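Source file entry_28.csv; content: CSV, C-alpha atoms and all ligand atoms.
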```
chain,number,residue,atom,x,y,z
A,4,MET,CA,46.5,-44.6,-91.0
A,5,ILE,CA,44.6,-45.0,-87.8
A,6,GLN,CA,44.2,-48.6,-86.6
A,7,VAL,CA,40.7,-48.6,-85.3
A,8,ASN,CA,41.1,-51.9,-83.6
A,9,SER,CA,43.8,-50.5,-81.4
A,10,VAL,CA,43.9,-47.3,-79.3
A,11,ARG,CA,47.2,-45.6,-80.3
A,12,HIS,CA,49.5,-43.9,-77.8
A,13,ASP,CA,52.2,-42.8,-80.3
A,14,TRP,CA,50.6,-39.9,-82.2
A,15,SER,CA,53.0,-37.5,-83.9
A,16,GLU,CA,52.4,-33.7,-84.0
A,17,ALA,CA,52.4,-34.0,-87.8
A,18,GLU,CA,49.6,-36.5,-87.8
A,19,ILE,CA,47.6,-34.4,-85.3
A,20,ALA,CA,48.2,-31.2,-87.4
A,21,ALA,CA,46.9,-33.1,-90.5
A,22,LEU,CA,43.7,-33.9,-88.7
A,23,PHE,CA,43.2,-30.2,-87.8
A,24,GLU,CA,43.8,-29.4,-91.4
A,25,LEU,CA,41.0,-31.6,-92.7
A,26,PRO,CA,37.9,-29.9,-94.2
A,27,PHE,CA,35.4,-29.4,-91.4
A,28,ASN,CA,32.9,-31.9,-92.8
A,29,ASP,CA,35.5,-34.6,-93.3
A,30,LEU,CA,36.9,-34.1,-89.8
A,31,MET,CA,33.4,-34.2,-88.2
A,32,PHE,CA,32.4,-37.3,-90.2
A,33,GLN,CA,35.6,-39.1,-89.1
A,34,ALA,CA,35.2,-38.1,-85.4
A,35,GLN,CA,31.6,-39.1,-85.4
A,36,SER,CA,32.4,-42.4,-87.0
A,37,VAL,CA,35.1,-43.2,-84.5
A,38,HIS,CA,32.8,-42.1,-81.7
A,39,ARG,CA,30.1,-44.6,-82.8
A,40,GLN,CA,32.6,-47.5,-82.6
A,41,PHE,CA,33.3,-46.8,-79.0
A,42,PHE,CA,30.1,-45.3,-77.5
A,43,ASP,CA,26.4,-45.0,-77.8
A,44,ALA,CA,26.3,-41.9,-80.0
A,45,ASN,CA,23.3,-40.4,-78.2
A,46,ALA,CA,24.3,-41.0,-74.6
A,47,VAL,CA,25.9,-38.3,-72.6
A,48,GLN,CA,27.5,-38.8,-69.2
A,49,ILE,CA,26.4,-36.3,-66.7
A,50,SER,CA,28.5,-35.1,-63.8
A,51,THR,CA,27.8,-32.5,-61.1
A,52,LEU,CA,30.6,-30.4,-59.7
A,53,LEU,CA,30.6,-29.0,-56.2
A,54,SER,CA,33.2,-26.6,-54.9
A,55,ILE,CA,34.0,-28.0,-51.4
A,56,LYS,CA,36.6,-25.2,-50.7
A,57,THR,CA,36.4,-22.0,-52.6
A,58,GLY,CA,38.9,-19.2,-53.3
A,59,ALA,CA,42.1,-18.0,-51.6
A,60,CYS,CA,44.2,-20.3,-53.7
A,61,PRO,CA,47.9,-19.6,-53.7
A,62,GLU,CA,48.4,-20.6,-57.3
A,63,ASP,CA,48.4,-18.0,-60.0
A,64,CYS,CA,46.5,-19.6,-62.9
A,65,LYS,CA,45.7,-16.6,-65.0
A,66,TYR,CA,42.2,-17.8,-65.9
A,67,CYS,CA,41.1,-18.5,-62.4
A,68,PRO,CA,39.0,-16.1,-60.2
A,69,GLN,CA,39.9,-18.3,-57.1
A,70,SER,CA,43.6,-17.2,-57.2
A,71,ILE,CA,44.7,-14.8,-54.5
A,72,HIS,CA,47.0,-13.2,-57.1
A,73,HIS,CA,44.1,-11.7,-59.1
A,74,GLY,CA,41.5,-9.1,-58.3
A,75,ALA,CA,38.4,-11.2,-59.2
A,76,GLU,CA,35.4,-10.7,-56.9
A,77,LEU,CA,34.9,-13.9,-55.1
A,78,GLU,CA,33.9,-14.8,-51.5
A,79,ALA,CA,36.4,-17.4,-50.1
A,80,GLU,CA,34.9,-20.3,-48.2
A,81,LYS,CA,36.5,-22.9,-45.9
A,82,LEU,CA,36.3,-26.6,-46.5
A,83,MET,CA,32.6,-27.6,-46.4
A,84,GLN,CA,31.2,-29.9,-43.7
A,85,VAL,CA,31.1,-33.5,-44.7
A,86,GLN,CA,27.3,-33.7,-44.1
A,87,ALA,CA,26.7,-30.7,-46.3
A,88,VAL,CA,28.7,-32.3,-49.1
A,89,LEU,CA,26.7,-35.5,-48.9
A,90,GLU,CA,23.4,-33.6,-49.0
A,91,GLU,CA,24.6,-31.9,-52.2
A,92,ALA,CA,25.6,-35.2,-53.6
A,93,GLN,CA,22.1,-36.6,-52.9
A,94,ALA,CA,20.5,-33.6,-54.7
A,95,ALA,CA,22.8,-34.1,-57.7
A,96,GLN,CA,21.9,-37.8,-57.8
A,97,ALA,CA,18.2,-36.9,-57.7
A,98,ALA,CA,18.8,-34.4,-60.6
A,99,GLY,CA,20.3,-37.3,-62.7
A,100,ALA,CA,24.0,-37.1,-62.1
A,101,SER,CA,26.0,-40.4,-62.2
A,102,ARG,CA,29.2,-38.8,-61.0
A,103,PHE,CA,29.8,-36.3,-58.3
A,104,CYS,CA,32.9,-34.2,-58.6
A,105,MET,CA,34.3,-32.3,-55.7
A,106,GLY,CA,36.8,-29.5,-56.2
A,107,ALA,CA,39.0,-27.7,-53.7
A,108,ALA,CA,41.1,-24.6,-54.5
A,109,TRP,CA,44.3,-25.9,-53.0
A,110,LYS,CA,47.9,-26.0,-54.2
A,111,HIS,CA,48.1,-29.4,-52.7
A,112,LEU,CA,46.2,-31.7,-50.3
A,113,ARG,CA,47.3,-31.1,-46.7
A,114,ALA,CA,47.4,-33.9,-44.1
A,115,LYS,CA,44.9,-32.1,-41.8
A,116,ASP,CA,42.3,-32.1,-44.5
A,117,MET,CA,42.7,-35.7,-45.5
A,118,PRO,CA,40.3,-37.3,-42.9
A,119,TYR,CA,37.5,-35.0,-44.1
A,120,VAL,CA,38.2,-35.7,-47.7
A,121,LEU,CA,38.2,-39.4,-47.1
A,122,GLN,CA,34.8,-39.2,-45.3
A,123,MET,CA,33.4,-37.3,-48.3
A,124,ILE,CA,34.6,-40.0,-50.7
A,125,ARG,CA,33.2,-42.9,-48.6
A,126,GLY,CA,29.9,-41.1,-48.1
A,127,VAL,CA,29.3,-40.2,-51.8
A,128,LYS,CA,30.3,-43.7,-52.8
A,129,ALA,CA,27.8,-45.1,-50.3
A,130,LEU,CA,25.1,-43.2,-52.2
A,131,GLY,CA,26.0,-45.2,-55.4
A,132,LEU,CA,27.6,-42.3,-57.2
A,133,GLU,CA,30.9,-42.3,-59.0
A,134,THR,CA,33.3,-40.0,-57.2
A,135,CYS,CA,35.8,-37.5,-58.6
A,136,MET,CA,38.0,-35.0,-56.8
A,137,THR,CA,40.3,-32.2,-57.7
A,138,LEU,CA,42.5,-31.1,-54.8
A,139,GLY,CA,45.7,-29.9,-56.3
A,140,MET,CA,49.0,-31.7,-56.3
A,141,LEU,CA,49.2,-35.1,-54.7
A,142,LYS,CA,52.0,-37.2,-53.3
A,143,ALA,CA,52.1,-40.9,-54.2
A,144,GLU,CA,51.0,-42.0,-50.7
A,145,GLN,CA,48.1,-39.5,-50.7
A,146,ALA,CA,46.9,-40.8,-54.1
A,147,GLN,CA,47.0,-44.3,-52.6
A,148,GLU,CA,44.9,-43.2,-49.6
A,149,LEU,CA,42.3,-41.6,-51.8
A,150,ALA,CA,42.1,-44.7,-54.0
A,151,GLU,CA,41.8,-47.0,-51.0
A,152,ALA,CA,38.8,-44.8,-49.8
A,153,GLY,CA,37.1,-45.5,-53.1
A,154,LEU,CA,37.9,-42.4,-55.2
A,155,ASP,CA,37.1,-43.3,-58.8
A,156,TYR,CA,38.6,-40.4,-60.6
A,157,TYR,CA,41.1,-37.7,-59.9
A,158,ASN,CA,41.0,-34.5,-62.0
A,159,HIS,CA,44.2,-32.7,-62.7
A,160,ASN,CA,44.3,-30.7,-65.9
A,161,LEU,CA,47.3,-29.9,-68.0
A,162,ASP,CA,45.5,-26.7,-69.1
A,163,THR,CA,47.7,-26.1,-72.2
A,164,SER,CA,50.9,-27.1,-74.0
A,165,GLU,CA,54.1,-27.3,-72.0
A,166,ALA,CA,55.5,-24.5,-74.2
A,167,TYR,CA,52.6,-22.1,-73.3
A,168,TYR,CA,52.2,-23.2,-69.7
A,169,GLY,CA,54.6,-20.6,-68.3
A,170,GLN,CA,52.3,-17.9,-69.8
A,171,ILE,CA,49.4,-19.2,-67.8
A,172,ILE,CA,50.9,-20.4,-64.5
A,173,THR,CA,54.1,-19.6,-62.8
A,174,THR,CA,53.6,-21.1,-59.3
A,175,ARG,CA,54.2,-24.7,-60.4
A,176,ARG,CA,55.8,-26.6,-63.3
A,177,TYR,CA,54.3,-28.7,-66.0
A,178,GLN,CA,56.3,-31.6,-64.6
A,179,ASP,CA,54.6,-31.2,-61.2
A,180,ARG,CA,51.3,-31.8,-63.0
A,181,LEU,CA,52.7,-34.8,-64.8
A,182,ASP,CA,54.0,-36.2,-61.5
A,183,THR,CA,50.6,-35.9,-59.8
A,184,LEU,CA,48.9,-37.6,-62.8
A,185,SER,CA,51.5,-40.4,-62.6
A,186,HIS,CA,50.7,-40.9,-58.9
A,187,VAL,CA,47.0,-41.0,-59.6
A,188,ARG,CA,47.5,-43.7,-62.3
A,189,SER,CA,49.9,-45.7,-60.1
A,190,ALA,CA,47.3,-45.7,-57.3
A,191,GLY,CA,44.8,-47.3,-59.7
A,192,MET,CA,42.4,-44.4,-60.0
A,193,LYS,CA,40.9,-43.2,-63.3
A,194,VAL,CA,42.4,-40.0,-64.7
A,195,CYS,CA,40.4,-36.9,-65.6
A,196,CYS,CA,42.7,-34.6,-67.5
A,197,GLY,CA,42.2,-32.0,-70.2
A,198,GLY,CA,42.7,-28.3,-70.9
A,199,ILE,CA,41.3,-24.9,-71.6
A,200,LEU,CA,41.0,-23.4,-75.0
A,201,GLY,CA,40.9,-19.7,-75.9
A,202,MET,CA,43.7,-18.5,-73.5
A,203,GLY,CA,45.6,-16.9,-76.4
A,204,GLU,CA,47.4,-20.2,-77.2
A,205,SER,CA,48.1,-21.1,-80.8
A,206,ARG,CA,46.9,-24.1,-82.7
A,207,GLN,CA,50.4,-25.5,-82.3
A,208,ASP,CA,49.8,-25.4,-78.5
A,209,ARG,CA,46.5,-27.2,-78.9
A,210,ILE,CA,48.2,-29.8,-81.0
A,211,SER,CA,50.9,-30.2,-78.4
A,212,LEU,CA,48.4,-30.5,-75.5
A,213,LEU,CA,46.5,-33.2,-77.4
A,214,LYS,CA,49.6,-35.0,-78.2
A,215,THR,CA,50.7,-35.1,-74.5
A,216,LEU,CA,47.2,-36.4,-73.5
A,217,ALA,CA,47.1,-39.0,-76.4
A,218,CYS,CA,50.6,-40.3,-75.8
A,219,PHE,CA,50.1,-41.2,-72.1
A,220,PRO,CA,50.6,-44.9,-71.6
A,221,GLU,CA,46.9,-45.0,-70.8
A,222,HIS,CA,44.6,-42.2,-72.1
A,223,PRO,CA,42.7,-40.3,-69.4
A,224,GLU,CA,39.3,-41.9,-69.0
A,225,SER,CA,37.8,-38.4,-68.9
A,226,VAL,CA,39.1,-35.5,-71.0
A,227,PRO,CA,37.5,-32.1,-70.1
A,228,VAL,CA,37.7,-29.6,-72.8
A,229,ASN,CA,37.0,-26.1,-71.5
A,230,LEU,CA,36.4,-22.9,-73.3
A,231,LEU,CA,37.9,-20.0,-71.4
A,232,VAL,CA,35.4,-18.1,-69.3
A,233,ARG,CA,36.8,-14.6,-69.2
A,234,VAL,CA,36.2,-13.6,-65.6
A,235,ALA,CA,36.5,-9.9,-64.8
A,236,GLY,CA,39.5,-9.3,-62.6
A,237,THR,CA,41.6,-12.1,-64.0
A,238,PRO,CA,44.5,-11.5,-66.3
A,239,LEU,CA,42.7,-13.2,-69.1
A,240,GLU,CA,39.5,-11.2,-68.9
A,241,ASP,CA,40.3,-9.6,-72.3
A,242,ALA,CA,41.6,-12.7,-74.0
A,243,PRO,CA,40.7,-12.7,-77.7
A,244,ASP,CA,37.8,-14.8,-79.0
A,245,LEU,CA,38.5,-18.3,-80.1
A,246,ASP,CA,36.9,-19.2,-83.4
A,247,PRO,CA,34.0,-21.6,-82.4
A,248,PHE,CA,34.9,-23.9,-85.3
A,249,GLU,CA,38.5,-24.2,-83.9
A,250,PHE,CA,37.0,-25.3,-80.6
A,251,ILE,CA,34.8,-27.9,-82.3
A,252,ARG,CA,37.8,-29.0,-84.4
A,253,THR,CA,39.8,-29.5,-81.3
A,254,LEU,CA,37.1,-31.7,-79.8
A,255,ALA,CA,36.8,-33.7,-83.0
A,256,VAL,CA,40.6,-34.3,-83.1
A,257,ALA,CA,40.6,-35.3,-79.5
A,258,ARG,CA,37.8,-37.8,-80.2
A,259,ILE,CA,39.9,-39.4,-83.0
A,260,LEU,CA,43.1,-39.5,-80.9
A,261,MET,CA,41.4,-40.8,-77.7
A,262,PRO,CA,38.5,-42.8,-79.0
A,263,ALA,CA,37.7,-44.6,-75.7
A,264,SER,CA,37.8,-41.6,-73.4
A,265,HIS,CA,34.8,-39.5,-72.3
A,266,LEU,CA,35.2,-36.0,-73.7
A,267,ARG,CA,33.7,-33.5,-71.5
A,268,LEU,CA,32.2,-30.2,-72.6
A,269,SER,CA,33.1,-28.3,-69.5
A,270,ALA,CA,33.5,-24.6,-68.6
A,271,GLY,CA,32.3,-22.2,-71.2
A,272,ARG,CA,29.3,-24.3,-72.3
A,273,THR,CA,26.8,-21.7,-71.0
A,274,ASP,CA,28.4,-19.2,-73.5
A,275,MET,CA,27.7,-21.5,-76.4
A,276,ASN,CA,24.5,-21.5,-78.3
A,277,GLU,CA,22.6,-24.7,-78.8
A,278,GLN,CA,23.7,-25.1,-82.3
A,279,MET,CA,27.4,-25.0,-81.2
A,280,GLN,CA,26.7,-27.5,-78.4
A,281,ALA,CA,25.0,-29.8,-80.9
A,282,LEU,CA,28.1,-29.6,-83.1
A,283,CYS,CA,30.3,-30.4,-80.1
A,284,PHE,CA,28.2,-33.5,-79.4
A,285,MET,CA,28.6,-34.4,-83.1
A,286,ALA,CA,32.4,-34.0,-82.8
A,287,GLY,CA,32.4,-36.6,-80.0
A,288,ALA,CA,31.8,-34.8,-76.8
A,289,ASN,CA,29.8,-37.2,-74.6
A,290,SER,CA,30.0,-35.8,-71.1
A,291,ILE,CA,28.8,-32.5,-69.5
A,292,PHE,CA,28.7,-30.8,-66.1
A,293,TYR,CA,25.5,-29.7,-64.7
A,294,GLY,CA,27.6,-27.4,-62.4
A,295,GLU,CA,27.7,-26.8,-58.8
A,296,ARG,CA,24.8,-24.4,-58.5
A,297,LEU,CA,22.6,-26.5,-60.8
A,298,LEU,CA,21.3,-29.0,-58.4
A,299,THR,CA,17.6,-28.1,-58.0
A,300,THR,CA,14.9,-28.8,-60.4
A,301,GLU,CA,14.2,-25.1,-60.7
A,302,ASN,CA,17.6,-24.4,-62.0
A,303,PRO,CA,17.3,-22.8,-65.4
A,304,GLN,CA,20.5,-24.3,-66.8
A,305,ALA,CA,19.5,-27.8,-65.8
A,306,GLU,CA,16.1,-27.2,-67.4
A,307,ALA,CA,17.7,-25.8,-70.6
A,308,ASP,CA,20.0,-28.9,-70.8
A,309,LYS,CA,17.0,-31.2,-70.5
A,310,ALA,CA,15.2,-29.3,-73.2
A,311,LEU,CA,18.3,-29.5,-75.5
A,312,PHE,CA,18.7,-33.2,-74.8
A,313,ALA,CA,15.1,-33.7,-75.8
A,314,ARG,CA,15.4,-31.7,-79.0
A,315,LEU,CA,18.6,-33.6,-80.0
A,316,GLY,CA,17.4,-37.0,-78.9
A,317,LEU,CA,20.2,-37.3,-76.3
A,318,TYR,CA,19.9,-39.1,-73.0
A,319,PRO,CA,22.0,-39.5,-69.9
A,320,GLU,CA,24.5,-42.3,-69.9
A,321,GLU,CA,23.9,-44.8,-67.1
A,322,VAL,CA,27.2,-45.9,-65.7
A,323,SER,CA,27.8,-48.2,-62.8
A,324,PRO,CA,31.4,-47.9,-61.5
A,325,ASP,CA,31.6,-51.7,-61.6
A,326,ARG,CA,30.3,-52.0,-65.1
A,327,GLN,CA,32.1,-49.2,-66.9
A,328,PRO,CA,34.1,-51.0,-69.6
A,329,THR,CA,37.9,-50.6,-69.6
A,330,GLU,CA,39.8,-49.6,-72.7
A,331,ALA,CA,40.7,-53.2,-73.3
A,332,GLN,CA,37.1,-54.3,-73.0
A,333,LEU,CA,36.0,-51.6,-75.4
A,334,LEU,CA,38.6,-52.8,-77.9
A,335,HIS,CA,37.4,-56.4,-77.5
A,336,GLN,CA,33.9,-55.2,-78.4
A,337,ILE,CA,35.2,-53.4,-81.4
A,338,GLU,CA,37.2,-56.3,-82.7
A,339,ALA,CA,34.0,-58.3,-82.6
A,340,GLN,CA,32.4,-55.7,-84.8
A,341,GLN,CA,35.1,-55.5,-87.4
A,342,ASP,CA,33.0,-57.1,-90.1
A,343,GLN,CA,30.2,-54.6,-89.8
A,344,ALA,CA,29.8,-52.0,-92.6
A,345,PHE,CA,30.3,-49.0,-90.4
A,346,PHE,CA,33.8,-50.0,-89.4
A,347,TYR,CA,36.2,-48.0,-91.5
A,348,ASP,CA,39.5,-46.3,-91.5
A,349,ALA,CA,39.1,-42.9,-89.9
A,350,MET,CA,42.3,-41.4,-91.3
A,351,SER,CA,41.6,-42.1,-95.0
A,352,ARG,CA,40.6,-39.1,-97.0
B,401,LIG,S1,45.0,-24.3,-58.7
B,401,LIG,FE1,42.9,-24.4,-59.3
B,401,LIG,S2,41.8,-23.1,-57.8
B,401,LIG,FE2,44.0,-22.6,-57.7
B,401,LIG,S3,44.2,-20.8,-59.1
B,401,LIG,FE3,44.7,-22.7,-60.3
B,401,LIG,S4,42.8,-23.3,-61.2
B,401,LIG,FE4,42.3,-21.8,-59.6
```

As structure tokens - that is how I would like this structure written.
Amino acid sequence: MIQVNSVRHDWSEAEIAALFELPFNDLMFQAQSVHRQFFDANAVQISTLLSIKTGACPEDCKYCPQSIHHGAELEAEKLMQVQAVLEEAQAAQAAGASRFCMGAAWKHLRAKDMPYVLQMIRGVKALGLETCMTLGMLKAEQAQELAEAGLDYYNHNLDTSEAYYGQIITTRRYQDRLDTLSHVRSAGMKVCCGGILGMGESRQDRISLLKTLACFPEHPESVPVNLLVRVAGTPLEDAPDLDPFEFIRTLAVARILMPASHLRLSAGRTDMNEQMQALCFMAGANSIFYGERLLTTENPQAEADKALFARLGLYPEEVSPDRQPTEAQLLHQIEAQQDQAFFYDAMSR
């Protein structure tokens, strides 16, 4: 039985498997009900992602066109100039983003790049945006430096289950990922960590991935759930289709397991029709990327998103970095609502 007035960190695989087995309508109802206890059900957090250093990555992630190990067509670019990054951040803000995510295709952050990265963080923060970076593996002291510069979130995905990880990446270990996540948390930053579905993994792998995320001492504040984009030239270009309902189920289970986290519908969204995206929001997804090339008003994807939001009655979530409630604050709010009729046991059948 889920205790809705406490966020659990001790989920068993059997409990998670039981959620996956629920009839679809029951699972969706439970996920949506949990979602409403923690969030405005119609608000969606909007992030914009900019690649600040593209391609030529020494890692061999099988899904990624930026790896030097694969034959995907991609023009590698050096680390962007700080001023150019700040201009992109301003454009993202004007387009409605509340968080600006900067990604670099690195195995790990090098000392020579740190000063530029720190300038980017300070500059984007000065605009009033939340900041997020993904720069590969971090040492403890690097995480500390980033945090001191004002970095709000660090993204480092687990990608898949520990058991399946070796089928996807061989140039670093699962434990390396966990170590970086631990450094990020110890430095006081918020964690953005999720995975990719549709890489040929089994439901058991999806269960195991969610269990790892949901059993961290603190849940990641942001959980990106990606649908594999099968890029030509990568080893996963011919990966089999994932049943869309399995993708939606995974989101719904993630919502129940990590009720206070933002669940981000990330890569692969452009391959989903509007009906599927609507079901993803119903399952508890409440964050999206506009994407790095979606910064101008003419951008068709941004326009399509606005139109979809209007049709569904969704609106962008307004978040001030200083006002975003912590897990404990959210729980306090929920305890205060316990008498209300909509408060119910999400695990009862
Ligand atoms: S570490 Fe990141 S950029 Fe590099 S290959 Fe893996 S996913 Fe791609």

Shell of 10 Å around ligand LIG 401 (chain B) (only C-alpha atoms and all ligand atoms), written as a ChimeraX atom specification: /A:54,56-73,106-111,137-140,159-160,162,171-172,174-175

I need the chosen residues saved as a compact mmCIF listing (two decimals), in the frame of the given file, with C-alpha atoms.
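New file out_4.txt:
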```txt
# COMPACT_ATOMS: atom_id res chain seq x y z
CA SER A 54 33.20 -26.60 -54.90
CA LYS A 56 36.60 -25.20 -50.70
CA THR A 57 36.40 -22.00 -52.60
CA GLY A 58 38.90 -19.20 -53.30
CA ALA A 59 42.10 -18.00 -51.60
CA CYS A 60 44.20 -20.30 -53.70
CA PRO A 61 47.90 -19.60 -53.70
CA GLU A 62 48.40 -20.60 -57.30
CA ASP A 63 48.40 -18.00 -60.00
CA CYS A 64 46.50 -19.60 -62.90
CA LYS A 65 45.70 -16.60 -65.00
CA TYR A 66 42.20 -17.80 -65.90
CA CYS A 67 41.10 -18.50 -62.40
CA PRO A 68 39.00 -16.10 -60.20
CA GLN A 69 39.90 -18.30 -57.10
CA SER A 70 43.60 -17.20 -57.20
CA ILE A 71 44.70 -14.80 -54.50
CA HIS A 72 47.00 -13.20 -57.10
CA HIS A 73 44.10 -11.70 -59.10
CA GLY A 106 36.80 -29.50 -56.20
CA ALA A 107 39.00 -27.70 -53.70
CA ALA A 108 41.10 -24.60 -54.50
CA TRP A 109 44.30 -25.90 -53.00
CA LYS A 110 47.90 -26.00 -54.20
CA HIS A 111 48.10 -29.40 -52.70
CA THR A 137 40.30 -32.20 -57.70
CA LEU A 138 42.50 -31.10 -54.80
CA GLY A 139 45.70 -29.90 -56.30
CA MET A 140 49.00 -31.70 -56.30
CA HIS A 159 44.20 -32.70 -62.70
CA ASN A 160 44.30 -30.70 -65.90
CA ASP A 162 45.50 -26.70 -69.10
CA ILE A 171 49.40 -19.20 -67.80
CA ILE A 172 50.90 -20.40 -64.50
CA THR A 174 53.60 -21.10 -59.30
CA ARG A 175 54.20 -24.70 -60.40
```

Option closest in space to A:Asp308, from A:Ala34, A:Val10, A:Leu184, A:Ala281 [counting all atoms listed in the file]: A:Ala281

Close residues, A:Ala114 itself excluded, 9 Å, only C-alpha atoms, min 3 positions apart in chain, as a PyMOL selection string: chain A and resi 117-118+145

Selection: 12 Å around A:Thr273, all atoms listed in the file, excl. self and same-chain fewer than 4 positions, as a ChimeraX atom specification: /A:229-232,268-269,277,279-280,291-294,303-305,307-308

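Distances from A:Ala75, A:Met285, A:Leu154, A:Ile55 to A:Glu240 were compared using only C-alpha atoms, and the smallest one belongs to A:Ala75.
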
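Across the model, the gap from atom CA of A:Lys115 to atom CA of A:Asp155 is 21.8 Å.
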
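Among the candidate residues A:Ala255, A:Ala79, A:Cys218, A:Leu239, the one lying nearest to A:Arg11 is A:Cys218, with distances computed using only C-alpha atoms.
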
Contacts of A:Thr183 at 7 Å (only C-alpha atoms; same-chain gap of 4+ positions) as a PyMOL selection string: chain A and resi 140-142+179+187

May I have the residues from that selection written out with C-alpha atoms, as a compact mmCIF listing (two decimals), in the coordinates of the input?
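Result saved to out_35.txt:
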```
# COMPACT_ATOMS: atom_id res chain seq x y z
CA MET A 140 49.00 -31.70 -56.30
CA LEU A 141 49.20 -35.10 -54.70
CA LYS A 142 52.00 -37.20 -53.30
CA ASP A 179 54.60 -31.20 -61.20
CA VAL A 187 47.00 -41.00 -59.60
```
